Amino acid sequence: MSPEGFDANFNPLATVQKLGLRPTSGFRTQAHQDSLRAQGLTKTRNSSHTRGDALDFAVPAGMTKAQAITEVKRLYPGAKVIESNGNAIHATFPGWGKAPDVSNSRKRYK
């Protein structure tokens, strides 16, 4: 890990997907983040998503948000994991900077 937390070679996707968590958002452009704010879907302007440090996951049927959060924190103790909108959780991996563009933010919001 880097001094800030997780380094560029880190990639939690395969492990977390084995838990049944499906990534719904990763890297976002600032325009995408601003659009979500305008829609009232987030209050955050300076998001860990725009730094490439965050992923949002849909929680599978049969698993609660609390269980999903506990599992991600168990696997990645340095992660900051919280509840998100709907049936989703948000995980920040400080210092990672390489979250994939899961929602095609670069194409949709230039």
# chains A, B, ... in the order shown; residues from 1 in each chain; ligands from 1
>>> select_by_dssp(residues="chain A", states="helix (DSSP H, G or I)", output="MDAnalysis selection string")
chainID A and resid 13:18 30:38 65:75 105:108
>>> write_last_selection(atoms="N, CA, C and O atoms", output="compact mmCIF listing (two decimals), in the first residue's frame")
# COMPACT_ATOMS: atom_id res chain seq x y z
N LEU A 13 -11.88 -5.63 -7.53
CA LEU A 13 -13.09 -6.06 -8.25
C LEU A 13 -13.33 -7.57 -8.23
O LEU A 13 -14.42 -8.02 -7.89
N ALA A 14 -12.35 -8.36 -8.59
CA ALA A 14 -12.56 -9.81 -8.67
C ALA A 14 -12.98 -10.39 -7.32
O ALA A 14 -13.92 -11.18 -7.24
N THR A 15 -12.30 -9.96 -6.27
CA THR A 15 -12.61 -10.49 -4.94
C THR A 15 -13.99 -10.07 -4.48
O THR A 15 -14.77 -10.89 -3.99
N VAL A 16 -14.33 -8.82 -4.66
CA VAL A 16 -15.63 -8.32 -4.21
C VAL A 16 -16.76 -8.91 -5.05
O VAL A 16 -17.83 -9.22 -4.52
N GLN A 17 -16.53 -9.11 -6.33
CA GLN A 17 -17.56 -9.71 -7.17
C GLN A 17 -17.84 -11.16 -6.76
O GLN A 17 -18.96 -11.63 -6.90
N LYS A 18 -16.86 -11.85 -6.21
CA LYS A 18 -17.08 -13.21 -5.71
C LYS A 18 -18.08 -13.22 -4.56
O LYS A 18 -18.73 -14.23 -4.31
N GLN A 30 -15.76 14.96 -13.48
CA GLN A 30 -16.37 16.00 -12.65
C GLN A 30 -17.74 16.38 -13.19
O GLN A 30 -18.68 16.64 -12.43
N ALA A 31 -17.90 16.38 -14.52
CA ALA A 31 -19.20 16.69 -15.12
C ALA A 31 -20.26 15.66 -14.70
O ALA A 31 -21.41 16.02 -14.42
N HIS A 32 -19.88 14.40 -14.63
CA HIS A 32 -20.79 13.35 -14.18
C HIS A 32 -21.17 13.58 -12.72
O HIS A 32 -22.35 13.52 -12.35
N GLN A 33 -20.17 13.87 -11.90
CA GLN A 33 -20.42 14.12 -10.48
C GLN A 33 -21.36 15.32 -10.30
O GLN A 33 -22.30 15.27 -9.51
N ASP A 34 -21.11 16.37 -11.08
CA ASP A 34 -21.96 17.57 -11.00
C ASP A 34 -23.39 17.25 -11.43
O ASP A 34 -24.34 17.78 -10.86
N SER A 35 -23.55 16.39 -12.43
CA SER A 35 -24.88 15.98 -12.88
C SER A 35 -25.62 15.23 -11.78
O SER A 35 -26.81 15.46 -11.55
N LEU A 36 -24.94 14.34 -11.09
CA LEU A 36 -25.56 13.60 -9.98
C LEU A 36 -25.98 14.56 -8.86
O LEU A 36 -27.05 14.39 -8.27
N ARG A 37 -25.16 15.57 -8.60
CA ARG A 37 -25.50 16.58 -7.58
C ARG A 37 -26.75 17.34 -8.01
O ARG A 37 -27.64 17.59 -7.20
N ALA A 38 -26.80 17.73 -9.27
CA ALA A 38 -27.95 18.49 -9.77
C ALA A 38 -29.24 17.68 -9.68
O ALA A 38 -30.31 18.24 -9.49
N LYS A 65 -27.20 -4.55 3.36
CA LYS A 65 -26.12 -3.55 3.21
C LYS A 65 -25.10 -3.70 4.32
O LYS A 65 -23.89 -3.62 4.08
N ALA A 66 -25.58 -3.91 5.54
CA ALA A 66 -24.67 -4.06 6.69
C ALA A 66 -23.73 -5.25 6.49
O ALA A 66 -22.53 -5.16 6.80
N GLN A 67 -24.25 -6.36 5.99
CA GLN A 67 -23.40 -7.53 5.74
C GLN A 67 -22.37 -7.23 4.66
O GLN A 67 -21.20 -7.61 4.78
N ALA A 68 -22.80 -6.55 3.60
CA ALA A 68 -21.88 -6.20 2.52
C ALA A 68 -20.77 -5.29 3.02
O ALA A 68 -19.60 -5.50 2.71
N ILE A 69 -21.15 -4.30 3.81
CA ILE A 69 -20.15 -3.38 4.37
C ILE A 69 -19.15 -4.12 5.24
O ILE A 69 -17.94 -3.94 5.13
N THR A 70 -19.65 -5.00 6.09
CA THR A 70 -18.78 -5.78 6.96
C THR A 70 -17.79 -6.62 6.15
O THR A 70 -16.61 -6.68 6.48
N GLU A 71 -18.27 -7.26 5.10
CA GLU A 71 -17.40 -8.11 4.28
C GLU A 71 -16.32 -7.31 3.56
O GLU A 71 -15.16 -7.71 3.52
N VAL A 72 -16.69 -6.16 2.98
CA VAL A 72 -15.69 -5.35 2.27
C VAL A 72 -14.65 -4.82 3.26
O VAL A 72 -13.45 -4.85 3.00
N LYS A 73 -15.10 -4.39 4.43
CA LYS A 73 -14.15 -3.91 5.45
C LYS A 73 -13.25 -5.03 5.95
O LYS A 73 -12.09 -4.81 6.26
N ARG A 74 -13.79 -6.24 6.03
CA ARG A 74 -12.98 -7.40 6.47
C ARG A 74 -11.89 -7.68 5.44
O ARG A 74 -10.74 -7.91 5.80
N LEU A 75 -12.25 -7.65 4.17
CA LEU A 75 -11.28 -7.92 3.11
C LEU A 75 -10.26 -6.79 2.95
O LEU A 75 -9.10 -7.04 2.65
N SER A 105 -18.46 6.93 -17.72
CA SER A 105 -18.52 8.36 -17.40
C SER A 105 -17.78 9.21 -18.42
O SER A 105 -18.26 10.27 -18.82
N ARG A 106 -16.61 8.74 -18.85
CA ARG A 106 -15.81 9.53 -19.81
C ARG A 106 -16.55 9.74 -21.12
O ARG A 106 -16.42 10.79 -21.74
N LYS A 107 -17.29 8.75 -21.58
CA LYS A 107 -18.04 8.88 -22.84
C LYS A 107 -19.31 9.70 -22.66
O LYS A 107 -19.69 10.47 -23.53
N ARG A 108 -19.99 9.49 -21.55
CA ARG A 108 -21.29 10.13 -21.33
C ARG A 108 -21.19 11.58 -20.87
O ARG A 108 -22.08 12.38 -21.14
>>> closest_residue(among="A:Arg28, A:His49, A:Lys43, A:Lys80", to="A:Gly5", atoms="only C-alpha atoms")
A:Lys80
>>> select_by_dssp(residues="stretch 8-104 of chain A", states="strand (DSSP E or B)", output="list in words")
Arg22, Pro23, Thr24, Ser25, Ala54, Leu55, Asp56, Phe57, Ala58, Lys80, Val81, Ile82, Glu83, Ala88, Ile89, His90, Ala91 and Thr92 of chain A
>>> write_last_selection(atoms="N, CA and C atoms", output="PDB file, in the first residue's frame")
ATOM      1  N   ARG A  22     -22.054  -6.269  -7.252  1.00  0.00           N
ATOM      2  CA  ARG A  22     -21.905  -5.858  -8.643  1.00  0.00           C
ATOM      3  C   ARG A  22     -21.535  -4.380  -8.699  1.00  0.00           C
ATOM      4  N   PRO A  23     -20.397  -4.042  -9.326  1.00  0.00           N
ATOM      5  CA  PRO A  23     -20.018  -2.628  -9.410  1.00  0.00           C
ATOM      6  C   PRO A  23     -20.985  -1.855 -10.301  1.00  0.00           C
ATOM      7  N   THR A  24     -21.427  -0.703  -9.828  1.00  0.00           N
ATOM      8  CA  THR A  24     -22.343   0.139 -10.605  1.00  0.00           C
ATOM      9  C   THR A  24     -21.714   1.469 -10.982  1.00  0.00           C
ATOM     10  N   SER A  25     -20.678   1.865 -10.264  1.00  0.00           N
ATOM     11  CA  SER A  25     -19.989   3.110 -10.569  1.00  0.00           C
ATOM     12  C   SER A  25     -18.573   3.031 -10.023  1.00  0.00           C
ATOM     13  N   ALA A  54     -12.867   5.278  -5.680  1.00  0.00           N
ATOM     14  CA  ALA A  54     -14.118   4.735  -5.147  1.00  0.00           C
ATOM     15  C   ALA A  54     -14.862   3.852  -6.138  1.00  0.00           C
ATOM     16  N   LEU A  55     -15.617   2.937  -5.566  1.00  0.00           N
ATOM     17  CA  LEU A  55     -16.529   2.074  -6.304  1.00  0.00           C
ATOM     18  C   LEU A  55     -17.850   2.025  -5.555  1.00  0.00           C
ATOM     19  N   ASP A  56     -18.942   1.996  -6.299  1.00  0.00           N
ATOM     20  CA  ASP A  56     -20.254   1.722  -5.722  1.00  0.00           C
ATOM     21  C   ASP A  56     -20.640   0.316  -6.152  1.00  0.00           C
ATOM     22  N   PHE A  57     -21.309  -0.398  -5.262  1.00  0.00           N
ATOM     23  CA  PHE A  57     -21.717  -1.771  -5.549  1.00  0.00           C
ATOM     24  C   PHE A  57     -23.186  -1.969  -5.235  1.00  0.00           C
ATOM     25  N   ALA A  58     -23.889  -2.711  -6.113  1.00  0.00           N
ATOM     26  CA  ALA A  58     -25.241  -3.170  -5.822  1.00  0.00           C
ATOM     27  C   ALA A  58     -25.103  -4.396  -4.923  1.00  0.00           C
ATOM     28  N   LYS A  80     -12.944   2.694   3.293  1.00  0.00           N
ATOM     29  CA  LYS A  80     -14.028   3.412   3.961  1.00  0.00           C
ATOM     30  C   LYS A  80     -15.307   3.004   3.236  1.00  0.00           C
ATOM     31  N   VAL A  81     -16.184   2.294   3.937  1.00  0.00           N
ATOM     32  CA  VAL A  81     -17.366   1.720   3.290  1.00  0.00           C
ATOM     33  C   VAL A  81     -18.613   2.201   4.008  1.00  0.00           C
ATOM     34  N   ILE A  82     -19.563   2.731   3.219  1.00  0.00           N
ATOM     35  CA  ILE A  82     -20.799   3.272   3.788  1.00  0.00           C
ATOM     36  C   ILE A  82     -21.997   2.866   2.928  1.00  0.00           C
ATOM     37  N   GLU A  83     -23.191   3.045   3.486  1.00  0.00           N
ATOM     38  CA  GLU A  83     -24.411   2.827   2.722  1.00  0.00           C
ATOM     39  C   GLU A  83     -24.527   3.902   1.655  1.00  0.00           C
ATOM     40  N   ALA A  88     -27.445  -0.132  -2.446  1.00  0.00           N
ATOM     41  CA  ALA A  88     -26.035  -0.040  -2.826  1.00  0.00           C
ATOM     42  C   ALA A  88     -25.168   0.388  -1.649  1.00  0.00           C
ATOM     43  N   ILE A  89     -23.864   0.100  -1.798  1.00  0.00           N
ATOM     44  CA  ILE A  89     -22.870   0.592  -0.848  1.00  0.00           C
ATOM     45  C   ILE A  89     -21.792   1.340  -1.632  1.00  0.00           C
ATOM     46  N   HIS A  90     -21.087   2.202  -0.939  1.00  0.00           N
ATOM     47  CA  HIS A  90     -20.004   3.000  -1.512  1.00  0.00           C
ATOM     48  C   HIS A  90     -18.730   2.626  -0.767  1.00  0.00           C
ATOM     49  N   ALA A  91     -17.669   2.316  -1.523  1.00  0.00           N
ATOM     50  CA  ALA A  91     -16.376   1.988  -0.911  1.00  0.00           C
ATOM     51  C   ALA A  91     -15.301   2.904  -1.466  1.00  0.00           C
ATOM     52  N   THR A  92     -14.570   3.555  -0.562  1.00  0.00           N
ATOM     53  CA  THR A  92     -13.429   4.380  -0.946  1.00  0.00           C
ATOM     54  C   THR A  92     -12.162   3.655  -0.539  1.00  0.00           C
TER      55      THR A  92
END
>>> atom_distance(atom1="atom CA of A:Ala99", atom2="atom CA of A:Asn11")
8.0 Å
>>> atom_distance(atom1="atom CA of A:Ser47", atom2="atom CA of A:Ser103")
15.4 Å
>>> residues_around(residues="A:Gly97", least_positions_apart="4", cutoff="8 Å", atoms="only C-alpha atoms", output="number ranges by chain")
A: 7-8, 51-53
>>> write_last_selection(atoms="all heavy atoms", output="PDB file, in the first residue's frame")
ATOM      1  N   ASP A   7      -2.481   1.298  -3.454  1.00  0.00           N
ATOM      2  CA  ASP A   7      -1.697   1.780  -4.587  1.00  0.00           C
ATOM      3  C   ASP A   7      -2.337   1.413  -5.922  1.00  0.00           C
ATOM      4  O   ASP A   7      -3.355   0.724  -5.978  1.00  0.00           O
ATOM      5  CB  ASP A   7      -0.253   1.297  -4.510  1.00  0.00           C
ATOM      6  CG  ASP A   7      -0.111  -0.209  -4.640  1.00  0.00           C
ATOM      7  OD1 ASP A   7      -0.963  -0.858  -5.285  1.00  0.00           O
ATOM      8  OD2 ASP A   7       0.858  -0.743  -4.099  1.00  0.00           O
ATOM      9  N   ALA A   8      -1.728   1.875  -7.009  1.00  0.00           N
ATOM     10  CA  ALA A   8      -2.283   1.720  -8.344  1.00  0.00           C
ATOM     11  C   ALA A   8      -2.405   0.257  -8.777  1.00  0.00           C
ATOM     12  O   ALA A   8      -3.229  -0.064  -9.627  1.00  0.00           O
ATOM     13  CB  ALA A   8      -1.439   2.498  -9.350  1.00  0.00           C
ATOM     14  N   ARG A  51     -11.468  11.089  -8.178  1.00  0.00           N
ATOM     15  CA  ARG A  51     -10.041  10.795  -7.973  1.00  0.00           C
ATOM     16  C   ARG A  51      -9.711   9.354  -8.357  1.00  0.00           C
ATOM     17  O   ARG A  51      -8.560   8.948  -8.296  1.00  0.00           O
ATOM     18  CB  ARG A  51      -9.658  11.040  -6.517  1.00  0.00           C
ATOM     19  CG  ARG A  51      -9.736  12.495  -6.105  1.00  0.00           C
ATOM     20  CD  ARG A  51      -9.165  12.728  -4.706  1.00  0.00           C
ATOM     21  NE  ARG A  51      -9.812  11.945  -3.671  1.00  0.00           N
ATOM     22  CZ  ARG A  51     -10.933  12.294  -3.023  1.00  0.00           C
ATOM     23  NH1 ARG A  51     -11.538  13.429  -3.330  1.00  0.00           N
ATOM     24  NH2 ARG A  51     -11.441  11.530  -2.093  1.00  0.00           N
ATOM     25  N   GLY A  52     -10.716   8.562  -8.695  1.00  0.00           N
ATOM     26  CA  GLY A  52     -10.491   7.154  -9.030  1.00  0.00           C
ATOM     27  C   GLY A  52     -10.258   6.281  -7.818  1.00  0.00           C
ATOM     28  O   GLY A  52      -9.676   5.205  -7.926  1.00  0.00           O
ATOM     29  N   ASP A  53     -10.722   6.732  -6.660  1.00  0.00           N
ATOM     30  CA  ASP A  53     -10.516   5.989  -5.413  1.00  0.00           C
ATOM     31  C   ASP A  53     -11.760   5.242  -4.934  1.00  0.00           C
ATOM     32  O   ASP A  53     -11.713   4.624  -3.866  1.00  0.00           O
ATOM     33  CB  ASP A  53     -10.100   6.944  -4.280  1.00  0.00           C
ATOM     34  CG  ASP A  53      -8.684   7.454  -4.411  1.00  0.00           C
ATOM     35  OD1 ASP A  53      -7.929   6.937  -5.256  1.00  0.00           O
ATOM     36  OD2 ASP A  53      -8.328   8.375  -3.659  1.00  0.00           O
TER      37      ASP A  53
END
>>> atom_distance(atom1="atom CA of A:Pro12", atom2="atom CA of A:Gly26")
11.6 Å
